[in-house]
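Below is one structure, written out as structure tokens, with a few remarks after it.
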2 protein chains.
Amino acid sequence: MFKLYYSPGSCALASHITLEEAGAAYTTERIDFKSNQQNSPEYLAVNPKGRVPALVTDRGILTETPAMLAFIAQSFPQAKLAPSDDPFAFAQAQAFNSYLCSTVHVAHAHKGRGPRWATEESSFADMKSKVPQTMAACFALIERDMLKGPWVMGEQYTICDPYLYTIAGWLEGDGVDLSRLPKVAAHRQRMQERPAVQKVLADEKA
Amino acid sequence: MFKLYYSPGSCALASHITLEEAGAAYTTERIDFKSNQQNSPEYLAVNPKGRVPALVTDRGILTETPAMLAFIAQSFPQAKLAPSDDPFAFAQAQAFNSYLCSTVHVAHAHKGRGPRWATEESSFADMKSKVPQTMAACFALIERDMLKGPWVMGEQYTICDPYLYTIAGWLEGDGVDLSRLPKVAAHRQRMQERPAVQKVLADEKA
């Protein structure tokens, strides 16, 4: 039995969907960002970084979305969520997820998390104003070079798909025109037809 | 036969060391950041992101350090550079590397790569001035919670070690006092005693 700590609207959605797709037994606990619960002593004991997601397993606690996604996939190999028996194909999936966490999520975070990297209000405003441009550039590359279709890695649905879906869900809020990203838009539609995605979205809204 | 594109002083050092530790057959090609070679049409054909490292394999090109490190480890299992047969232990290694790429490297990058995320000179200066603080905070967490010793994951040297060594090599330049990080400093020393590390450092200097 796993326990996922998440916050609605956060990148934890990718792990939440993946647990559901894998058929894992899991519970969830919501962390309230508005009351800064992620920095409470109780939660810092779970994840000293003060971030979501975190996954409690019987071996210990895991953090960092790309690591958690691969762990869930490898713990439920029958769900075929990652090409773990092919190091090159697995690395391609890992490279995609690594790009999402280290470049795309980071670009997005400059909209509301400026104090992580600067001190002045003028810097926060400057960072925020560049987000439409940086997120559009990231997704132009995904649209052109990375999203093979119908799923990220091609014919097989993998752990890259819920992660892309999660971060692409921020595009309108980041001021990016989705009509210029037809493959990303079609991927979103395809994701929303999956029962696991529908169930998780309903759970996170409840 | 692999080919590694790198730039001296960049995070590509982690992959370079890992190729050497694995006993891989590989060549290297240096990309000159001073002449902006990473954005030349020739290099963008290798890596459209305009970044190093990139690894040319007989199956295609890989990018993103965490993915490349795991790929090298899994391609040379006899070198025992990652606990690939234990999904939880593998996830712990991946989580460490994911933290390095998405949080620590990103914190460092705000020193010299401000134009990625903002437009004004005042913002770049503000970002740069916060780097000693953000890098010190990242490494305080690594020192306290993550670096098990003697190696990152404990008794076994893994793909986490050259990546930590690489990014910790930026600490003095980032204005962080290494004397407050005795485990990180001892890890650096231990790394520099390894023949593979000595060979790669000499190659990158040549």
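Ordered as shown in the structure tokens, chains take letters A, B, and onward, while each chain numbers its residues from 1 and ligands are numbered from 1 in the order shown.
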*Could you list, as JSON, numbers by chain, the residues of chain A having an atom within 7 Å of chain B when counting only C-alpha atoms?*
{"A": [62, 63, 64, 67, 68, 71, 74, 75, 87, 88, 91, 92, 94, 95, 98, 99, 101, 102, 107, 117, 118, 119, 120, 123, 126, 127, 130]}
Residue selection dump (N, CA and C atoms) as a PDB file, in the first residue's frame:
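Okay, this is what ended up in again39.pdb:
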```
ATOM      1  N   LEU A  62       9.764   8.247  -1.203  1.00  0.00           N
ATOM      2  CA  LEU A  62      10.373   8.719  -2.444  1.00  0.00           C
ATOM      3  C   LEU A  62       9.842  10.104  -2.795  1.00  0.00           C
ATOM      4  N   THR A  63      10.710  10.919  -3.387  1.00  0.00           N
ATOM      5  CA  THR A  63      10.305  12.220  -3.926  1.00  0.00           C
ATOM      6  C   THR A  63      10.836  12.333  -5.352  1.00  0.00           C
ATOM      7  N   GLU A  64      10.520  13.440  -6.012  1.00  0.00           N
ATOM      8  CA  GLU A  64      10.977  13.752  -7.372  1.00  0.00           C
ATOM      9  C   GLU A  64      10.180  12.945  -8.413  1.00  0.00           C
ATOM     10  N   ALA A  67      11.604  10.102 -10.764  1.00  0.00           N
ATOM     11  CA  ALA A  67      11.980   8.896 -10.017  1.00  0.00           C
ATOM     12  C   ALA A  67      10.737   8.130  -9.565  1.00  0.00           C
ATOM     13  N   MET A  68       9.730   8.851  -9.112  1.00  0.00           N
ATOM     14  CA  MET A  68       8.504   8.202  -8.645  1.00  0.00           C
ATOM     15  C   MET A  68       7.768   7.527  -9.798  1.00  0.00           C
ATOM     16  N   PHE A  71       9.558   4.383 -10.706  1.00  0.00           N
ATOM     17  CA  PHE A  71       9.374   3.406  -9.623  1.00  0.00           C
ATOM     18  C   PHE A  71       7.998   2.739  -9.714  1.00  0.00           C
ATOM     19  N   GLN A  74       7.979   0.355 -12.634  1.00  0.00           N
ATOM     20  CA  GLN A  74       8.782  -0.856 -12.426  1.00  0.00           C
ATOM     21  C   GLN A  74       8.190  -1.746 -11.331  1.00  0.00           C
ATOM     22  N   SER A  75       7.384  -1.161 -10.459  1.00  0.00           N
ATOM     23  CA  SER A  75       6.735  -1.958  -9.407  1.00  0.00           C
ATOM     24  C   SER A  75       5.511  -2.704  -9.943  1.00  0.00           C
ATOM     25  N   PRO A  87      17.213  -0.595 -22.249  1.00  0.00           N
ATOM     26  CA  PRO A  87      17.861   0.588 -21.664  1.00  0.00           C
ATOM     27  C   PRO A  87      17.781   1.843 -22.533  1.00  0.00           C
ATOM     28  N   PHE A  88      17.858   1.700 -23.855  1.00  0.00           N
ATOM     29  CA  PHE A  88      17.805   2.902 -24.685  1.00  0.00           C
ATOM     30  C   PHE A  88      16.408   3.515 -24.696  1.00  0.00           C
ATOM     31  N   ALA A  91      15.780   5.106 -21.457  1.00  0.00           N
ATOM     32  CA  ALA A  91      16.497   6.383 -21.359  1.00  0.00           C
ATOM     33  C   ALA A  91      15.780   7.482 -22.141  1.00  0.00           C
ATOM     34  N   GLN A  92      15.179   7.138 -23.264  1.00  0.00           N
ATOM     35  CA  GLN A  92      14.432   8.157 -24.014  1.00  0.00           C
ATOM     36  C   GLN A  92      13.253   8.674 -23.184  1.00  0.00           C
ATOM     37  N   GLN A  94      13.084   8.580 -19.894  1.00  0.00           N
ATOM     38  CA  GLN A  94      13.667   9.334 -18.784  1.00  0.00           C
ATOM     39  C   GLN A  94      14.120  10.732 -19.238  1.00  0.00           C
ATOM     40  N   ALA A  95      14.674  10.807 -20.453  1.00  0.00           N
ATOM     41  CA  ALA A  95      15.142  12.103 -20.967  1.00  0.00           C
ATOM     42  C   ALA A  95      13.960  13.056 -21.146  1.00  0.00           C
ATOM     43  N   SER A  98      12.920  14.128 -17.721  1.00  0.00           N
ATOM     44  CA  SER A  98      13.936  15.003 -17.151  1.00  0.00           C
ATOM     45  C   SER A  98      13.831  16.411 -17.741  1.00  0.00           C
ATOM     46  N   TYR A  99      13.552  16.495 -19.020  1.00  0.00           N
ATOM     47  CA  TYR A  99      13.335  17.811 -19.647  1.00  0.00           C
ATOM     48  C   TYR A  99      12.136  18.508 -19.002  1.00  0.00           C
ATOM     49  N   CYS A 101      10.980  18.128 -15.952  1.00  0.00           N
ATOM     50  CA  CYS A 101      11.228  18.585 -14.571  1.00  0.00           C
ATOM     51  C   CYS A 101      12.269  19.690 -14.505  1.00  0.00           C
ATOM     52  N   SER A 102      13.328  19.600 -15.310  1.00  0.00           N
ATOM     53  CA  SER A 102      14.441  20.529 -15.115  1.00  0.00           C
ATOM     54  C   SER A 102      14.330  21.787 -15.973  1.00  0.00           C
ATOM     55  N   ALA A 107      10.638  26.622 -15.969  1.00  0.00           N
ATOM     56  CA  ALA A 107      10.184  27.819 -16.702  1.00  0.00           C
ATOM     57  C   ALA A 107       8.849  28.298 -16.121  1.00  0.00           C
ATOM     58  N   TRP A 117      14.468  32.412  -6.385  1.00  0.00           N
ATOM     59  CA  TRP A 117      15.706  32.736  -7.103  1.00  0.00           C
ATOM     60  C   TRP A 117      16.083  34.212  -7.077  1.00  0.00           C
ATOM     61  N   ALA A 118      15.249  35.056  -6.478  1.00  0.00           N
ATOM     62  CA  ALA A 118      15.555  36.487  -6.454  1.00  0.00           C
ATOM     63  C   ALA A 118      14.897  37.106  -5.235  1.00  0.00           C
ATOM     64  N   THR A 119      15.117  38.402  -5.058  1.00  0.00           N
ATOM     65  CA  THR A 119      14.687  39.090  -3.834  1.00  0.00           C
ATOM     66  C   THR A 119      13.743  40.258  -4.113  1.00  0.00           C
ATOM     67  N   GLU A 120      13.929  40.920  -5.248  1.00  0.00           N
ATOM     68  CA  GLU A 120      13.209  42.168  -5.531  1.00  0.00           C
ATOM     69  C   GLU A 120      11.878  41.909  -6.253  1.00  0.00           C
ATOM     70  N   SER A 123      12.111  42.043  -9.954  1.00  0.00           N
ATOM     71  CA  SER A 123      12.605  40.807 -10.595  1.00  0.00           C
ATOM     72  C   SER A 123      11.474  39.801 -10.753  1.00  0.00           C
ATOM     73  N   ASP A 126       9.429  40.807 -13.656  1.00  0.00           N
ATOM     74  CA  ASP A 126      10.171  40.562 -14.896  1.00  0.00           C
ATOM     75  C   ASP A 126      10.125  39.074 -15.258  1.00  0.00           C
ATOM     76  N   MET A 127      10.420  38.224 -14.271  1.00  0.00           N
ATOM     77  CA  MET A 127      10.363  36.771 -14.503  1.00  0.00           C
ATOM     78  C   MET A 127       8.965  36.354 -14.976  1.00  0.00           C
ATOM     79  N   LYS A 130       8.056  36.932 -18.554  1.00  0.00           N
ATOM     80  CA  LYS A 130       8.729  36.135 -19.595  1.00  0.00           C
ATOM     81  C   LYS A 130       8.150  34.725 -19.731  1.00  0.00           C
TER      82      LYS A 130
END
```
For the reference chain A, what are the coordinates of chain B after least-squares fitting (all Cα, in-order pairing), as a short mmCIF file (atom, residue, chain, number, x, y, z; two decimals) with C-alpha atoms, in the first residue's frame?
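Okay, this is what ended up in out.cif:
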```
data_model
loop_
_atom_site.label_atom_id
_atom_site.label_comp_id
_atom_site.auth_asym_id
_atom_site.auth_seq_id
_atom_site.Cartn_x
_atom_site.Cartn_y
_atom_site.Cartn_z
CA MET B 1 -0.01 -0.02 -0.01
CA PHE B 2 1.36 3.38 -1.03
CA LYS B 3 0.44 6.82 0.22
CA LEU B 4 0.72 9.81 -2.09
CA TYR B 5 1.03 13.35 -0.75
CA TYR B 6 -0.26 15.79 -3.35
CA SER B 7 -1.69 19.23 -3.88
CA PRO B 8 -4.38 19.87 -6.52
CA GLY B 9 -3.00 21.60 -9.59
CA SER B 10 0.58 20.57 -8.83
CA CYS B 11 2.88 18.21 -10.71
CA ALA B 12 1.81 15.48 -8.25
CA LEU B 13 -1.06 14.82 -10.67
CA ALA B 14 1.35 12.85 -12.88
CA SER B 15 2.14 10.39 -10.10
CA HIS B 16 -1.51 10.22 -9.04
CA ILE B 17 -2.60 9.22 -12.56
CA THR B 18 0.25 6.72 -12.81
CA LEU B 19 -0.72 4.99 -9.55
CA GLU B 20 -4.24 4.65 -10.92
CA GLU B 21 -3.08 3.39 -14.33
CA ALA B 22 -0.81 0.84 -12.63
CA GLY B 23 -3.66 -0.57 -10.57
CA ALA B 24 -1.69 0.17 -7.38
CA ALA B 25 -3.26 0.04 -3.94
CA TYR B 26 -2.81 3.57 -2.57
CA THR B 27 -4.26 6.31 -0.45
CA THR B 28 -3.79 10.04 -0.86
CA GLU B 29 -3.29 12.96 1.48
CA ARG B 30 -3.86 16.50 0.32
CA ILE B 31 -1.35 19.18 1.31
CA ASP B 32 -2.83 22.67 1.50
CA PHE B 33 -0.46 25.15 -0.14
CA LYS B 34 -2.68 28.13 0.83
CA SER B 35 -1.93 27.54 4.51
CA ASN B 36 1.72 26.70 3.66
CA GLN B 37 1.20 23.15 4.94
CA GLN B 38 4.09 21.97 2.77
CA ASN B 39 6.43 23.75 5.20
CA SER B 40 4.78 22.46 8.39
CA PRO B 41 7.00 20.40 10.70
CA GLU B 42 4.76 17.38 10.07
CA TYR B 43 5.20 17.54 6.32
CA LEU B 44 8.89 18.46 6.43
CA ALA B 45 9.35 15.18 8.33
CA VAL B 46 7.93 13.45 5.23
CA ASN B 47 9.76 15.59 2.65
CA PRO B 48 12.44 17.96 3.96
CA LYS B 49 12.30 19.84 0.65
CA GLY B 50 8.79 21.11 1.46
CA ARG B 51 7.42 20.12 -1.93
CA VAL B 52 4.91 17.68 -3.36
CA PRO B 53 4.69 14.95 -4.48
CA ALA B 54 6.03 12.46 -1.96
CA LEU B 55 5.28 8.74 -2.02
CA VAL B 56 5.33 6.66 1.14
CA THR B 57 6.25 3.04 0.42
CA ASP B 58 7.03 0.11 2.71
CA ARG B 59 10.74 0.65 1.93
CA GLY B 60 10.76 4.38 2.65
CA ILE B 61 9.70 7.70 1.15
CA LEU B 62 10.37 8.72 -2.44
CA THR B 63 10.30 12.21 -3.92
CA GLU B 64 10.96 13.76 -7.36
CA THR B 65 8.42 13.05 -10.08
CA PRO B 66 10.66 11.32 -12.65
CA ALA B 67 11.96 8.90 -10.02
CA MET B 68 8.49 8.20 -8.64
CA LEU B 69 7.01 7.59 -12.09
CA ALA B 70 9.73 5.08 -13.02
CA PHE B 71 9.37 3.41 -9.63
CA ILE B 72 5.61 2.96 -10.03
CA ALA B 73 6.11 1.60 -13.57
CA GLN B 74 8.77 -0.86 -12.43
CA SER B 75 6.73 -1.96 -9.41
CA PHE B 76 3.81 -2.90 -11.69
CA PRO B 77 5.50 -4.28 -14.81
CA GLN B 78 2.28 -5.88 -16.05
CA ALA B 79 0.87 -2.38 -16.64
CA LYS B 80 3.66 -1.76 -19.20
CA LEU B 81 4.08 1.90 -18.29
CA ALA B 82 7.81 2.07 -19.10
CA PRO B 83 10.11 0.12 -21.44
CA SER B 84 12.29 -1.05 -18.54
CA ASP B 85 13.69 -4.04 -20.44
CA ASP B 86 15.26 -1.80 -23.13
CA PRO B 87 17.86 0.58 -21.65
CA PHE B 88 17.82 2.91 -24.68
CA ALA B 89 14.03 3.19 -24.87
CA PHE B 90 13.90 3.62 -21.10
CA ALA B 91 16.51 6.39 -21.36
CA GLN B 92 14.43 8.16 -24.01
CA ALA B 93 11.46 8.17 -21.64
CA GLN B 94 13.67 9.35 -18.79
CA ALA B 95 15.14 12.11 -20.96
CA PHE B 96 11.67 13.38 -21.78
CA ASN B 97 10.65 13.41 -18.13
CA SER B 98 13.95 15.00 -17.14
CA TYR B 99 13.34 17.81 -19.64
CA LEU B 100 9.90 18.36 -18.13
CA CYS B 101 11.22 18.59 -14.57
CA SER B 102 14.44 20.53 -15.11
CA THR B 103 13.46 22.91 -17.91
CA VAL B 104 9.69 23.10 -18.48
CA HIS B 105 8.45 22.97 -14.88
CA VAL B 106 11.24 25.40 -13.96
CA ALA B 107 10.17 27.81 -16.70
CA HIS B 108 6.60 27.71 -15.39
CA ALA B 109 7.70 28.18 -11.79
CA HIS B 110 9.11 31.61 -12.61
CA LYS B 111 5.54 32.87 -12.80
CA GLY B 112 4.73 32.44 -9.13
CA ARG B 113 7.89 31.23 -7.41
CA GLY B 114 10.24 34.12 -8.12
CA PRO B 115 11.36 34.35 -4.47
CA ARG B 116 13.11 31.02 -4.91
CA TRP B 117 15.70 32.74 -7.11
CA ALA B 118 15.56 36.48 -6.48
CA THR B 119 14.69 39.09 -3.85
CA GLU B 120 13.21 42.17 -5.54
CA GLU B 121 9.58 42.63 -6.59
CA SER B 122 10.77 44.08 -9.90
CA SER B 123 12.60 40.82 -10.62
CA PHE B 124 9.51 38.74 -9.84
CA ALA B 125 7.48 40.85 -12.27
CA ASP B 126 10.18 40.57 -14.92
CA MET B 127 10.35 36.77 -14.51
CA LYS B 128 6.59 36.46 -14.61
CA SER B 129 6.34 38.49 -17.82
CA LYS B 130 8.74 36.14 -19.62
CA VAL B 131 6.83 32.93 -18.79
CA PRO B 132 4.54 33.00 -21.86
CA GLN B 133 7.65 33.15 -24.05
CA THR B 134 9.68 30.45 -22.27
CA MET B 135 6.75 28.05 -21.98
CA ALA B 136 5.84 28.60 -25.64
CA ALA B 137 9.44 27.83 -26.63
CA CYS B 138 9.54 24.65 -24.52
CA PHE B 139 6.28 23.42 -25.97
CA ALA B 140 7.21 24.34 -29.54
CA LEU B 141 10.14 21.92 -29.13
CA ILE B 142 7.88 19.25 -27.62
CA GLU B 143 5.35 19.71 -30.44
CA ARG B 144 8.01 19.60 -33.17
CA ASP B 145 10.52 17.03 -31.93
CA MET B 146 9.42 15.08 -28.89
CA LEU B 147 5.74 14.07 -28.94
CA LYS B 148 5.76 11.16 -31.38
CA GLY B 149 2.02 10.51 -31.24
CA PRO B 150 -0.44 9.24 -30.43
CA TRP B 151 1.48 9.00 -27.14
CA VAL B 152 4.73 10.72 -26.23
CA MET B 153 6.85 7.67 -26.97
CA GLY B 154 4.73 6.51 -29.91
CA GLU B 155 2.23 3.66 -29.91
CA GLN B 156 2.76 2.74 -26.28
CA TYR B 157 1.29 4.80 -23.43
CA THR B 158 4.05 5.40 -20.85
CA ILE B 159 4.93 7.41 -17.75
CA CYS B 160 5.74 10.33 -20.05
CA ASP B 161 2.08 10.84 -20.90
CA PRO B 162 0.58 11.80 -17.54
CA TYR B 163 3.59 14.03 -16.87
CA LEU B 164 3.18 15.87 -20.19
CA TYR B 165 -0.57 16.11 -19.61
CA THR B 166 0.01 17.62 -16.16
CA ILE B 167 2.43 20.32 -17.26
CA ALA B 168 0.53 21.07 -20.49
CA GLY B 169 -2.45 21.76 -18.24
CA TRP B 170 -0.67 24.92 -17.11
CA LEU B 171 -0.31 26.39 -20.61
CA GLU B 172 -3.43 28.57 -20.75
CA GLY B 173 -2.67 29.97 -17.29
CA ASP B 174 0.85 30.70 -18.49
CA GLY B 175 -0.45 32.69 -21.46
CA VAL B 176 0.44 30.17 -24.16
CA ASP B 177 -1.87 29.78 -27.16
CA LEU B 178 -2.76 26.08 -27.36
CA SER B 179 -4.11 26.45 -30.89
CA ARG B 180 -0.50 26.62 -32.09
CA LEU B 181 0.19 23.24 -30.47
CA PRO B 182 -2.21 20.84 -32.21
CA LYS B 183 -0.37 17.65 -31.22
CA VAL B 184 -0.22 18.73 -27.57
CA ALA B 185 -3.93 19.64 -27.69
CA ALA B 186 -4.84 16.28 -29.23
CA HIS B 187 -2.74 14.52 -26.59
CA ARG B 188 -4.70 16.31 -23.86
CA GLN B 189 -7.96 15.15 -25.40
CA ARG B 190 -6.70 11.57 -25.66
CA MET B 191 -5.62 11.65 -22.01
CA GLN B 192 -8.99 12.92 -20.85
CA GLU B 193 -10.69 9.94 -22.45
CA ARG B 194 -8.81 7.52 -20.19
CA PRO B 195 -10.83 6.22 -17.23
CA ALA B 196 -7.84 6.50 -14.88
CA VAL B 197 -7.43 10.19 -15.71
CA GLN B 198 -11.14 10.87 -15.24
CA LYS B 199 -11.13 9.11 -11.87
CA VAL B 200 -8.08 10.99 -10.59
CA LEU B 201 -9.34 14.38 -11.75
CA ALA B 202 -12.62 13.73 -9.94
CA ASP B 203 -10.75 12.63 -6.79
CA GLU B 204 -8.56 15.75 -6.77
CA LYS B 205 -11.60 17.99 -7.20
CA ALA B 206 -13.66 16.28 -4.49
#
```
*asked:* Using DSSP assignments from the backbone, pull out every residue in range 24-175 of chain B that falls under helix (DSSP H, G or I) and give it to me as a ChimeraX atom specification.
replied: /B:37-39,41-46,65-75,77-79,87-109,114-116,121-146,160-168
For the selection you just gave me, I'd like the residues written to a file as a short mmCIF file (atom, residue, chain, number, x, y, z; two decimals), in the first residue's frame, keeping C-alpha atoms.
```cif
data_model
loop_
_atom_site.label_atom_id
_atom_site.label_comp_id
_atom_site.auth_asym_id
_atom_site.auth_seq_id
_atom_site.Cartn_x
_atom_site.Cartn_y
_atom_site.Cartn_z
CA GLN B 37 28.91 26.71 -30.73
CA GLN B 38 26.08 25.08 -28.79
CA ASN B 39 23.66 27.13 -30.90
CA PRO B 41 23.19 24.73 -36.88
CA GLU B 42 25.56 21.74 -36.76
CA TYR B 43 25.13 21.26 -33.03
CA LEU B 44 21.40 22.03 -33.00
CA ALA B 45 21.07 19.09 -35.41
CA VAL B 46 22.58 16.93 -32.65
CA THR B 65 22.17 13.97 -17.62
CA PRO B 66 20.01 11.74 -15.38
CA ALA B 67 18.79 9.74 -18.38
CA MET B 68 22.28 9.43 -19.84
CA LEU B 69 23.80 8.31 -16.54
CA ALA B 70 21.20 5.57 -16.05
CA PHE B 71 21.61 4.50 -19.67
CA ILE B 72 25.38 4.15 -19.34
CA ALA B 73 24.96 2.20 -16.08
CA GLN B 74 22.39 -0.14 -17.62
CA SER B 75 24.46 -0.64 -20.78
CA PRO B 77 25.81 -3.78 -15.84
CA GLN B 78 29.10 -5.43 -14.87
CA ALA B 79 30.36 -2.02 -13.70
CA PRO B 87 13.29 -0.63 -8.31
CA PHE B 88 13.25 1.16 -4.94
CA ALA B 89 17.02 1.56 -4.70
CA PHE B 90 17.13 2.62 -8.34
CA ALA B 91 14.41 5.20 -7.62
CA GLN B 92 16.42 6.59 -4.71
CA ALA B 93 19.37 7.11 -7.04
CA GLN B 94 17.11 8.66 -9.66
CA ALA B 95 15.54 10.95 -7.06
CA PHE B 96 18.96 12.21 -6.03
CA ASN B 97 19.96 12.89 -9.63
CA SER B 98 16.59 14.49 -10.34
CA TYR B 99 17.10 16.87 -7.41
CA LEU B 100 20.51 17.80 -8.80
CA CYS B 101 19.16 18.56 -12.28
CA SER B 102 15.87 20.25 -11.43
CA THR B 103 16.76 22.17 -8.26
CA VAL B 104 20.52 22.42 -7.67
CA HIS B 105 21.75 22.93 -11.23
CA VAL B 106 18.86 25.37 -11.75
CA ALA B 107 19.84 27.34 -8.63
CA HIS B 108 23.41 27.60 -9.93
CA ALA B 109 22.27 28.62 -13.41
CA GLY B 114 19.49 34.98 -16.05
CA PRO B 115 18.34 35.77 -19.61
CA ARG B 116 16.72 32.34 -19.73
CA GLU B 121 19.80 43.65 -16.13
CA SER B 122 18.56 44.47 -12.63
CA SER B 123 16.87 41.07 -12.47
CA PHE B 124 20.03 39.27 -13.58
CA ALA B 125 21.99 41.03 -10.83
CA ASP B 126 19.31 40.20 -8.27
CA MET B 127 19.29 36.52 -9.30
CA LYS B 128 23.07 36.35 -9.24
CA SER B 129 23.25 37.83 -5.74
CA LYS B 130 20.95 35.11 -4.37
CA VAL B 131 22.99 32.17 -5.71
CA PRO B 132 25.29 31.81 -2.67
CA GLN B 133 22.18 31.48 -0.49
CA THR B 134 20.25 29.03 -2.70
CA MET B 135 23.28 26.83 -3.38
CA ALA B 136 24.18 26.80 0.33
CA ALA B 137 20.61 25.73 1.16
CA CYS B 138 20.64 22.94 -1.45
CA PHE B 139 23.95 21.62 -0.21
CA ALA B 140 23.00 21.90 3.45
CA LEU B 141 20.17 19.46 2.64
CA ILE B 142 22.53 17.18 0.71
CA GLU B 143 25.05 17.26 3.58
CA ARG B 144 22.41 16.59 6.24
CA ASP B 145 20.00 14.16 4.58
CA MET B 146 21.17 12.79 1.27
CA CYS B 160 24.99 9.74 -8.23
CA ASP B 161 28.63 10.25 -7.30
CA PRO B 162 30.08 11.81 -10.45
CA TYR B 163 26.98 14.00 -10.74
CA LEU B 164 27.33 15.28 -7.17
CA TYR B 165 31.06 15.76 -7.69
CA THR B 166 30.41 17.80 -10.84
CA ILE B 167 27.88 20.18 -9.31
CA ALA B 168 29.76 20.46 -6.00
#
```
Extract the full set of strand (DSSP E or B) residues from range 3-153 of chain B according to DSSP on the backbone, and format it as a short mmCIF file (atom, residue, chain, number, x, y, z; two decimals) with C-alpha atoms, in the first residue's frame.
```
data_model
loop_
_atom_site.label_atom_id
_atom_site.label_comp_id
_atom_site.auth_asym_id
_atom_site.auth_seq_id
_atom_site.Cartn_x
_atom_site.Cartn_y
_atom_site.Cartn_z
CA LYS B 3 30.35 9.87 -28.79
CA LEU B 4 29.96 12.42 -26.02
CA TYR B 5 29.50 16.12 -26.75
CA TYR B 6 30.70 18.15 -23.78
CA TYR B 26 33.74 6.33 -26.57
CA THR B 27 35.07 9.45 -28.21
CA THR B 28 34.45 13.04 -27.17
CA GLU B 29 33.82 16.28 -29.00
CA ARG B 30 34.26 19.60 -27.27
CA ALA B 54 24.55 14.83 -25.71
CA LEU B 55 25.45 11.19 -26.28
CA VAL B 56 25.46 9.67 -29.74
CA THR B 57 24.70 5.94 -29.64
CA GLY B 60 20.13 7.45 -31.62
CA ILE B 61 21.06 10.52 -29.58
CA LEU B 62 20.36 10.89 -25.88
CA THR B 63 20.30 14.09 -23.83
CA TRP B 151 29.34 7.42 -1.46
#
```
